[in-house]
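Chemist: File input-v1.cif below, mmCIF, C-alpha atoms:
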```cif
data_my_file
#
loop_
_atom_site.label_atom_id
_atom_site.label_comp_id
_atom_site.auth_asym_id
_atom_site.auth_seq_id
_atom_site.Cartn_x
_atom_site.Cartn_y
_atom_site.Cartn_z
CA MET H 4 111.67 -23.65 343.95
CA LEU H 5 112.49 -25.11 347.38
CA PHE H 6 110.84 -23.94 350.58
CA ARG H 7 110.08 -24.99 354.12
CA SER H 8 107.98 -22.46 356.07
CA ALA H 9 107.76 -19.40 353.83
CA PRO H 10 104.20 -18.67 352.61
CA ILE H 11 104.02 -19.38 348.88
CA THR H 12 100.90 -17.45 347.95
CA ARG H 13 99.13 -16.94 344.63
CA PRO H 14 101.00 -13.65 343.96
CA VAL H 15 104.33 -15.34 344.67
CA ILE H 16 103.50 -18.15 342.27
CA ALA H 17 102.33 -15.66 339.64
CA ARG H 18 105.70 -13.90 339.79
CA ALA H 19 107.66 -17.15 339.54
CA ALA H 20 107.37 -17.27 335.78
CA LYS H 21 110.18 -19.81 335.33
CA ALA H 22 109.18 -22.18 338.11
CA GLN H 23 108.62 -25.76 336.96
CA ILE H 24 108.26 -27.58 340.28
CA ILE H 25 107.89 -26.59 343.95
CA GLY H 26 109.57 -28.63 346.66
CA ASN H 27 108.12 -28.15 350.15
CA CYS H 28 110.24 -29.57 352.97
CA ARG H 29 107.30 -30.21 355.26
CA THR H 30 104.99 -33.07 356.17
CA GLU H 31 102.12 -31.27 354.41
CA PRO H 32 102.29 -28.30 352.00
CA VAL H 33 100.15 -26.14 354.30
CA ASN H 34 102.13 -22.99 353.51
CA ILE H 35 101.61 -23.25 349.76
CA ASP H 36 98.61 -22.20 347.67
CA VAL H 37 98.38 -25.58 345.98
CA GLN H 38 95.37 -24.51 343.88
CA ALA H 39 97.32 -21.59 342.43
CA ALA H 40 100.25 -23.88 341.69
CA THR H 41 97.91 -26.33 339.96
CA GLU H 42 96.41 -23.61 337.80
CA ALA H 43 99.95 -22.60 336.83
CA GLY H 44 100.80 -26.19 335.94
CA ILE H 45 103.39 -26.47 338.70
CA PRO H 46 103.51 -29.73 340.69
CA VAL H 47 104.09 -29.43 344.44
CA VAL H 48 106.11 -32.20 346.08
CA TYR H 49 106.43 -32.57 349.84
CA ALA H 50 107.70 -35.00 352.49
CA PRO H 51 104.99 -36.88 354.40
CA GLY H 52 106.34 -38.74 357.41
CA ARG H 53 109.70 -36.94 357.22
CA ASN H 54 109.99 -36.62 361.00
CA ALA H 55 107.59 -39.32 362.17
CA ARG H 56 110.28 -41.35 363.88
CA ALA H 57 111.65 -38.26 365.63
CA VAL H 58 108.21 -37.37 367.00
CA ALA H 59 107.45 -40.98 367.99
CA GLU H 60 110.71 -41.23 369.96
CA PHE H 61 110.07 -37.85 371.57
CA THR H 62 106.55 -38.92 372.56
CA ILE H 63 107.96 -41.87 374.50
CA GLY H 64 110.44 -39.55 376.19
CA ILE H 65 107.91 -36.93 377.24
CA ILE H 66 105.48 -39.58 378.51
CA ILE H 67 108.18 -40.99 380.78
CA ALA H 68 109.37 -37.51 381.80
CA GLU H 69 105.89 -36.51 382.94
CA CYS H 70 104.59 -39.79 384.33
CA ARG H 71 107.77 -40.60 386.30
CA ASN H 72 108.39 -37.06 387.65
CA ILE H 73 111.67 -36.65 385.76
CA ALA H 74 110.94 -33.11 384.58
CA ARG H 75 109.72 -31.79 387.93
CA GLY H 76 112.55 -33.56 389.76
CA HIS H 77 115.08 -31.82 387.51
CA LEU H 78 113.35 -28.45 387.89
CA ALA H 79 113.42 -28.72 391.67
CA LEU H 80 117.12 -29.65 391.75
CA ALA H 81 117.95 -26.78 389.40
CA GLN H 82 116.26 -24.48 391.92
CA GLY H 83 118.19 -25.99 394.82
CA VAL H 84 115.32 -28.05 396.18
CA TRP H 85 115.67 -31.75 397.03
CA ARG H 86 112.19 -33.23 396.40
CA SER H 87 112.31 -36.18 398.80
CA ASP H 88 108.52 -35.91 398.94
CA LEU H 89 108.41 -37.41 395.45
CA TYR H 90 109.41 -40.71 397.05
CA LEU H 91 106.37 -40.76 399.33
CA TYR H 92 103.73 -43.35 398.48
CA ASP H 93 101.01 -40.71 398.00
CA ASN H 94 103.15 -38.98 395.37
CA ALA H 95 104.62 -42.09 393.77
CA PRO H 96 103.86 -42.66 390.09
CA ARG H 97 102.80 -45.91 388.48
CA GLU H 98 105.13 -47.87 386.27
CA LEU H 99 104.10 -48.00 382.62
CA ALA H 100 103.76 -51.78 382.68
CA GLY H 101 100.12 -52.80 382.93
CA GLN H 102 98.75 -49.42 381.92
CA THR H 103 96.63 -48.62 378.87
CA ILE H 104 97.77 -45.97 376.41
CA GLY H 105 95.23 -44.54 373.98
CA LEU H 106 96.39 -43.02 370.69
CA ILE H 107 94.13 -40.51 368.94
CA GLY H 108 95.27 -40.46 365.33
CA PHE H 109 96.99 -43.41 363.66
CA GLY H 110 98.90 -41.89 360.77
CA HIS H 111 102.65 -41.78 360.23
CA ILE H 112 103.42 -41.08 363.90
CA GLY H 113 100.60 -42.76 365.76
CA SER H 114 101.00 -46.02 363.85
CA MET H 115 104.71 -46.10 364.69
CA LEU H 116 104.15 -45.86 368.44
CA PRO H 117 102.89 -49.39 369.28
CA SER H 118 106.28 -50.90 368.45
CA TYR H 119 107.91 -48.42 370.86
CA LEU H 120 105.29 -48.87 373.58
CA LYS H 121 104.75 -52.62 373.62
CA PRO H 122 108.17 -53.43 375.20
CA PHE H 123 107.00 -51.48 378.27
CA GLY H 124 104.21 -53.98 378.79
CA VAL H 125 101.36 -51.59 378.04
CA LYS H 126 98.08 -52.14 376.25
CA VAL H 127 97.74 -49.90 373.18
CA LEU H 128 94.37 -48.62 371.99
CA ALA H 129 94.03 -46.46 368.88
CA TYR H 130 91.29 -44.33 367.34
CA ASP H 131 91.30 -43.07 363.77
CA PRO H 132 88.18 -43.29 361.59
CA TYR H 133 90.19 -42.73 358.40
CA VAL H 134 92.60 -45.66 358.69
CA ALA H 135 91.89 -49.20 357.44
CA ASP H 136 91.47 -52.07 359.89
CA ALA H 137 94.49 -53.84 358.42
CA VAL H 138 96.81 -51.06 359.57
CA PHE H 139 95.77 -51.50 363.21
CA VAL H 140 96.28 -55.24 362.95
CA GLU H 141 99.68 -54.87 361.29
CA ARG H 142 100.87 -52.35 363.90
CA GLU H 143 99.47 -54.39 366.80
CA ALA H 144 97.09 -51.80 368.22
CA GLU H 145 93.57 -52.51 369.36
CA ARG H 146 91.22 -50.44 367.23
CA VAL H 147 88.57 -48.45 369.10
CA THR H 148 85.81 -47.00 366.93
CA ASP H 149 84.43 -44.66 369.60
CA MET H 150 86.82 -41.97 370.86
CA ALA H 151 84.84 -41.63 374.09
CA ALA H 152 85.50 -45.30 374.83
CA LEU H 153 89.23 -44.81 374.25
CA LEU H 154 89.26 -41.82 376.60
CA ALA H 155 87.42 -43.74 379.31
CA GLU H 156 89.71 -46.79 379.13
CA SER H 157 93.13 -45.12 378.84
CA ASP H 158 95.53 -44.23 381.64
CA ILE H 159 97.51 -42.07 379.21
CA VAL H 160 95.96 -40.40 376.16
CA SER H 161 98.36 -39.26 373.43
CA LEU H 162 97.21 -37.03 370.56
CA HIS H 163 98.50 -37.63 367.01
CA ALA H 164 95.75 -36.34 364.73
CA ARG H 165 96.00 -33.70 362.01
CA VAL H 166 94.59 -30.18 362.28
CA THR H 167 91.46 -29.94 360.14
CA SER H 168 88.13 -28.14 360.47
CA GLU H 169 86.88 -31.34 362.11
CA THR H 170 89.62 -31.46 364.75
CA LEU H 171 89.86 -27.82 365.83
CA LYS H 172 89.48 -27.88 369.64
CA PHE H 173 87.95 -31.35 369.42
CA ILE H 174 89.66 -32.24 372.69
CA GLY H 175 87.83 -30.05 375.19
CA GLU H 176 85.86 -30.02 378.42
CA LYS H 177 83.69 -33.01 377.52
CA GLN H 178 86.62 -35.12 376.36
CA PHE H 179 88.78 -34.38 379.40
CA ARG H 180 85.90 -35.33 381.69
CA GLN H 181 85.48 -38.58 379.78
CA MET H 182 89.04 -39.51 380.68
CA LYS H 183 89.80 -41.56 383.79
CA ARG H 184 90.32 -39.65 386.98
CA GLY H 185 94.09 -39.55 387.51
CA ALA H 186 94.91 -40.05 383.81
CA TYR H 187 97.54 -38.14 381.82
CA PHE H 188 97.10 -36.18 378.59
CA VAL H 189 99.94 -35.87 376.06
CA ASN H 190 100.06 -33.67 372.97
CA THR H 191 102.98 -33.87 370.56
CA ALA H 192 100.75 -33.10 367.57
CA ARG H 193 99.31 -29.57 367.14
CA GLY H 194 98.00 -27.04 369.62
CA PRO H 195 94.78 -25.85 367.88
CA MET H 196 93.15 -29.25 368.44
CA VAL H 197 93.05 -28.75 372.22
CA ASP H 198 90.96 -26.47 374.43
CA TYR H 199 93.73 -25.55 376.85
CA ASP H 200 91.41 -23.67 379.21
CA ALA H 201 89.45 -26.88 379.68
CA LEU H 202 92.71 -28.80 380.20
CA HIS H 203 93.76 -26.29 382.86
CA ARG H 204 90.50 -26.86 384.73
CA ALA H 205 90.87 -30.64 384.55
CA LEU H 206 94.41 -30.39 385.92
CA THR H 207 93.71 -27.91 388.70
CA ASP H 208 90.64 -29.69 390.06
CA GLY H 209 92.48 -33.02 390.18
CA HIS H 210 90.53 -34.86 387.51
CA LEU H 211 93.73 -35.35 385.50
CA ARG H 212 96.98 -36.15 387.24
CA GLY H 213 99.21 -34.51 384.69
CA ALA H 214 99.87 -33.43 381.12
CA ALA H 215 102.83 -33.27 378.75
CA LEU H 216 102.57 -30.62 376.03
CA GLU H 217 104.89 -30.02 373.10
CA THR H 218 102.66 -27.68 371.07
CA PHE H 219 100.40 -24.77 371.91
CA ALA H 220 97.50 -22.76 370.51
CA SER H 221 99.88 -19.82 370.02
CA GLU H 222 103.64 -20.21 369.96
CA PRO H 223 105.43 -19.25 372.02
CA PRO H 224 102.76 -19.15 374.73
CA PRO H 225 102.56 -15.86 376.67
CA PRO H 226 104.61 -15.74 379.88
CA ASP H 227 101.46 -15.47 381.99
CA TRP H 228 99.83 -18.52 380.38
CA PRO H 229 98.19 -20.46 383.27
CA LEU H 230 99.53 -23.87 382.23
CA LEU H 231 103.09 -22.60 382.63
CA LYS H 232 102.42 -22.21 386.34
CA LEU H 233 101.10 -25.69 387.10
CA PRO H 234 103.34 -28.20 388.91
CA ASN H 235 101.81 -31.21 387.15
CA VAL H 236 102.65 -30.28 383.56
CA THR H 237 105.77 -30.97 381.44
CA LEU H 238 106.27 -28.47 378.61
CA THR H 239 108.69 -28.39 375.67
CA PRO H 240 109.08 -25.72 372.92
CA HIS H 241 107.79 -27.58 369.83
CA ILE H 242 110.97 -29.58 369.23
CA ALA H 243 109.63 -33.13 368.85
CA GLY H 244 110.14 -33.26 365.09
CA CYS H 245 113.71 -32.00 365.18
CA SER H 246 116.50 -34.49 364.51
CA VAL H 247 119.56 -34.64 362.28
CA ASP H 248 118.12 -37.75 360.68
CA SER H 249 114.82 -36.09 359.74
CA VAL H 250 116.70 -33.22 358.05
CA HIS H 251 118.64 -35.69 355.95
CA LEU H 252 115.50 -37.66 355.15
CA VAL H 253 113.48 -34.67 353.96
CA ALA H 254 116.36 -33.53 351.74
CA THR H 255 116.53 -36.99 350.20
CA MET H 256 112.76 -37.20 349.66
CA ILE H 257 112.49 -33.83 347.95
CA ALA H 258 115.64 -34.32 345.88
CA GLN H 259 114.38 -37.71 344.71
CA ASP H 260 111.08 -36.27 343.52
CA ILE H 261 112.77 -33.39 341.73
CA ALA H 262 115.00 -35.93 340.00
CA ASN H 263 111.91 -37.99 339.17
CA PHE H 264 110.24 -34.93 337.65
CA TYR H 265 113.08 -34.08 335.31
CA ALA H 266 113.61 -37.73 334.37
CA GLY H 267 109.93 -38.13 333.50
CA ARG H 268 109.33 -40.69 336.26
CA PRO H 269 106.25 -40.79 338.55
CA LEU H 270 106.46 -38.55 341.61
CA ASN H 271 106.40 -40.21 345.02
CA ASN H 272 104.70 -37.43 346.98
CA CYS H 273 102.85 -34.91 344.84
CA ALA H 274 100.09 -32.76 346.36
CA ASN H 275 98.56 -31.89 342.98
CA PRO H 276 99.19 -34.61 340.39
CA GLU H 277 96.61 -32.94 338.14
CA ALA H 278 99.18 -30.18 337.53
CA LEU H 279 101.25 -32.69 335.58
CA ALA H 280 98.52 -32.92 332.96
#
```
Reformat the file's structure so that it appears as structure tokens.

Modeler:
Amino acid sequence: MLFRSAPITRPVIARAAKAQIIGNCRTEPVNIDVQAATEAGIPVVYAPGRNARAVAEFTIGIIIAECRNIARGHLALAQGVWRSDLYLYDNAPRELAGQTIGLIGFGHIGSMLPSYLKPFGVKVLAYDPYVADAVFVEREAERVTDMAALLAESDIVSLHARVTSETLKFIGEKQFRQMKRGAYFVNTARGPMVDYDALHRALTDGHLRGAALETFASEPPPPDWPLLKLPNVTLTPHIAGCSVDSVHLVATMIAQDIANFYAGRPLNNCANPEALA
């Protein structure tokens, strides 16, 4: 059984009497009842990191688009407006060189970003309590053990954590106020981790200079969503993980594990190895 987004519930698994293995073409098998599959003796294989490079590249692009006025410059031209005011000193952006970028979450995507960011001459801080010290050293990021300290020190904060019960709306009013005045917030991870009402307040009262958002609490956001109306926000429709290369990679990863299963070899990415018993 091969799936991507379809919900594979307990009743579905119960009706799949001949199923021997489930291949889920996602970073995590969040749409599959893994417990039900385990009870049925069906291993679930998936593709962690399948689109990490695509999202990392996109993150660099959306940071530059927001912080260097590329998106709003394009929007103005498309509407027939020549924004010469963007060249005024009071509106001029900073170059990336010399700035500090803070990464919240240092998994497949976050840990890939320092190698992309360092050539710009930035300082990279990273916060993730679940990653070993050696990973930060290897990826050349300065580990920060207190998220509040990362927020206070960063000119640009980029979110790369996973959605868990611990991270639901864990970036809210308090966290935005802990950020530097004039800083930018970037989210190419997941929408439910952010209190977007609090972000709107921080953007409209001038505490934050701008934001770049790729994901939302509900998708698509309603047409009257307040953040759609702000001039200091760059928005994209949840496309960061899309690339031809990531499609080929996920197909290869899942096919390899299915081949491993039928050849009696260990599985590379199995969500429930106990099912193999």

Chemist: Take the PyMOL selection byres ((chain H and resi 209-226) around 9), run it mentally on this structure, and tell me the resulting residues as a CSV table (one decimal) with C-alpha atoms, keeping the file's coordinate frame.

Modeler:
```
chain,number,residue,atom,x,y,z
H,65,ILE,CA,107.9,-36.9,377.2
H,66,ILE,CA,105.5,-39.6,378.5
H,68,ALA,CA,109.4,-37.5,381.8
H,69,GLU,CA,105.9,-36.5,382.9
H,70,CYS,CA,104.6,-39.8,384.3
H,179,PHE,CA,88.8,-34.4,379.4
H,180,ARG,CA,85.9,-35.3,381.7
H,182,MET,CA,89.0,-39.5,380.7
H,183,LYS,CA,89.8,-41.6,383.8
H,184,ARG,CA,90.3,-39.6,387.0
H,185,GLY,CA,94.1,-39.6,387.5
H,186,ALA,CA,94.9,-40.0,383.8
H,187,TYR,CA,97.5,-38.1,381.8
H,188,PHE,CA,97.1,-36.2,378.6
H,189,VAL,CA,99.9,-35.9,376.1
H,190,ASN,CA,100.1,-33.7,373.0
H,191,THR,CA,103.0,-33.9,370.6
H,192,ALA,CA,100.8,-33.1,367.6
H,193,ARG,CA,99.3,-29.6,367.1
H,194,GLY,CA,98.0,-27.0,369.6
H,195,PRO,CA,94.8,-25.8,367.9
H,196,MET,CA,93.2,-29.2,368.4
H,197,VAL,CA,93.0,-28.8,372.2
H,198,ASP,CA,91.0,-26.5,374.4
H,199,TYR,CA,93.7,-25.6,376.8
H,202,LEU,CA,92.7,-28.8,380.2
H,204,ARG,CA,90.5,-26.9,384.7
H,205,ALA,CA,90.9,-30.6,384.6
H,206,LEU,CA,94.4,-30.4,385.9
H,207,THR,CA,93.7,-27.9,388.7
H,208,ASP,CA,90.6,-29.7,390.1
H,227,ASP,CA,101.5,-15.5,382.0
H,228,TRP,CA,99.8,-18.5,380.4
H,229,PRO,CA,98.2,-20.5,383.3
H,231,LEU,CA,103.1,-22.6,382.6
H,234,PRO,CA,103.3,-28.2,388.9
H,235,ASN,CA,101.8,-31.2,387.2
H,236,VAL,CA,102.6,-30.3,383.6
H,237,THR,CA,105.8,-31.0,381.4
H,238,LEU,CA,106.3,-28.5,378.6
H,239,THR,CA,108.7,-28.4,375.7
H,240,PRO,CA,109.1,-25.7,372.9
H,241,HIS,CA,107.8,-27.6,369.8
H,242,ILE,CA,111.0,-29.6,369.2
H,243,ALA,CA,109.6,-33.1,368.8
```

Chemist: Determine the residue membership of the PyMOL selection byres ((chain H and resi 279) around 7) for the file above and supply it as a ChimeraX atom specification.

Modeler: /H:44,46,276-278,280

Chemist: Write the residues of the selection above to a file with C-alpha atoms, as an mmCIF file, keeping the file's coordinate frame.

Modeler:
```
data_model
loop_
_atom_site.group_PDB
_atom_site.id
_atom_site.type_symbol
_atom_site.label_atom_id
_atom_site.label_comp_id
_atom_site.auth_asym_id
_atom_site.auth_seq_id
_atom_site.Cartn_x
_atom_site.Cartn_y
_atom_site.Cartn_z
ATOM 1 C CA GLY H 44 100.800 -26.190 335.940
ATOM 2 C CA PRO H 46 103.510 -29.730 340.690
ATOM 3 C CA PRO H 276 99.190 -34.610 340.390
ATOM 4 C CA GLU H 277 96.610 -32.940 338.140
ATOM 5 C CA ALA H 278 99.180 -30.180 337.530
ATOM 6 C CA ALA H 280 98.520 -32.920 332.960
#
```

Chemist: Expressed in Å to a single decimal, how great is the separation between atom CA of Tyr49 of chain H and atom CA of Asp248 of chain H?

Modeler: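 Straight-line distance from atom CA of Tyr49 of chain H to atom CA of Asp248 of chain H works out to 16.8 Å.
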
Chemist: Kindly indicate which residue among H:Gly244, H:Gly267, H:Pro14, H:Pro132 lies nearest to Arg53 of chain H, using all atoms listed in the file for the distances.

Modeler: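 Selected residue with least distance to Arg53 of chain H: H:Gly244.
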
Chemist: Which residues would end up in the selection if the PyMOL selection byres ((chain H and resi 115) around 10) were applied here, given that I need the answer as a list of chain:residue names?

Modeler: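 Answer for the PyMOL selection byres ((chain H and resi 115) around 10): H:Ala55, H:Arg56, H:Val58, H:Ala59, H:Glu60, H:Phe109, H:Gly110, H:His111, H:Ile112, H:Gly113, H:Ser114, H:Leu116, H:Pro117, H:Ser118, H:Tyr119, H:Leu120, H:Arg142.
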
Chemist: Of the candidates H:Asn271, H:Ser246, H:Ser161, H:Asn34, which shows the shortest atom-to-atom distance to Thr62 of chain H, using all atoms listed in the file?

Modeler: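 Answer, going by the shortest atom-to-atom distance: H:Ser161.
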
Chemist: Calculated over only C-alpha atoms, which of the candidates H:His251, H:Val37, H:Pro51, H:Pro32 has the smallest distance to Arg13 of chain H?

Modeler: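 For Arg13 of chain H, the nearest of the given residues is H:Val37.
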
Chemist: Could you state the separation of atom CA of Ala258 of chain H and atom CA of Ala17 of chain H in Å, given to one decimal place?

Modeler: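 Between atom CA of Ala258 of chain H and atom CA of Ala17 of chain H the gap works out to 23.8 Å.
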